[in-house]
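Worksheet: the structure to be examined is printed underneath.
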Amino acid sequence: DFTDLVARAKALNSFVASAEAPALIQAATRVANLCKKIEEESAINPQLFAVEAEGALHNAAMAASKEVLVAATNYDAVMAEAVKLVDPINKFFEDVMVMDEDVRVKNNRLALLAAVKDITHAVGDLSVIVQ
């Protein structure tokens with residue numbers, strides 16, 4: 001849909017010029033890079049969270065996901081929701097070793113990051129933006 005593509009491009013262009021862009025682009029790129037290591041799809045199991053930052057990111061992602069669904073094609077609003085994930089993403093990476101020795105924990109953390117990626121990349125692939 002060309003109209004949707006233009007709307008996304010305008011929203012991304014506006015976002016890239018904002019003060020929040022560098023932090024989200026960096027966080028989204030880190031998330032996307034780790035998502036490349038997903039070997040098998042799995043559902044997020046909050047019972048496997050061992051670090052507070054996992055639960056915090058999960059809660060932030062679930063809240064943002066609901067808002068993204070409501071915003072739908074209001075891509076400026078979608079980007080505003082994605083920006084809210086920057087601090088939880090950064091805290092997650094500070095406190096959590098994603099590639100845990102326990103395969104279940106590792107896959108759970110990667111599933112969480114995949115859910116985050118769905119939000120941060122809802123308008124476009126932020127990991128390919130160079131500033």
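FYI, nothing fancy with the structure tokens labels: chains A, B, ... in order, residues from 1 per chain, ligands from 1 as they appear.
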
DSSP helix (DSSP H, G or I) residues within chain A, listed as a PyMOL selection string: chain A and resi 2-16+21-35+46-48+52-71+75-83+86-95+103-120+126-128

For Ala53 of chain A: contacts at 12 Å, only C-alpha atoms, fewer than 3 positions along chain excluded, given as a list of chain:residue names: A:Pro46, A:Phe49, A:Ala50, A:Ala56, A:Leu57, A:His58, A:Asn59, A:Ala60, A:Ala61, A:Leu85, A:Asp87, A:Pro88, A:Ile89, A:Asn90, A:Lys91, A:Phe92, A:Phe93, A:Glu94, A:Asp95, A:Val96, A:Met97, A:Val98, A:Arg109, A:Leu112

For atom CA of Ile129 of chain A and atom CA of Glu67 of chain A, the interatomic separation in Å (one decimal):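 Those two atoms sit 23.9 Å apart.
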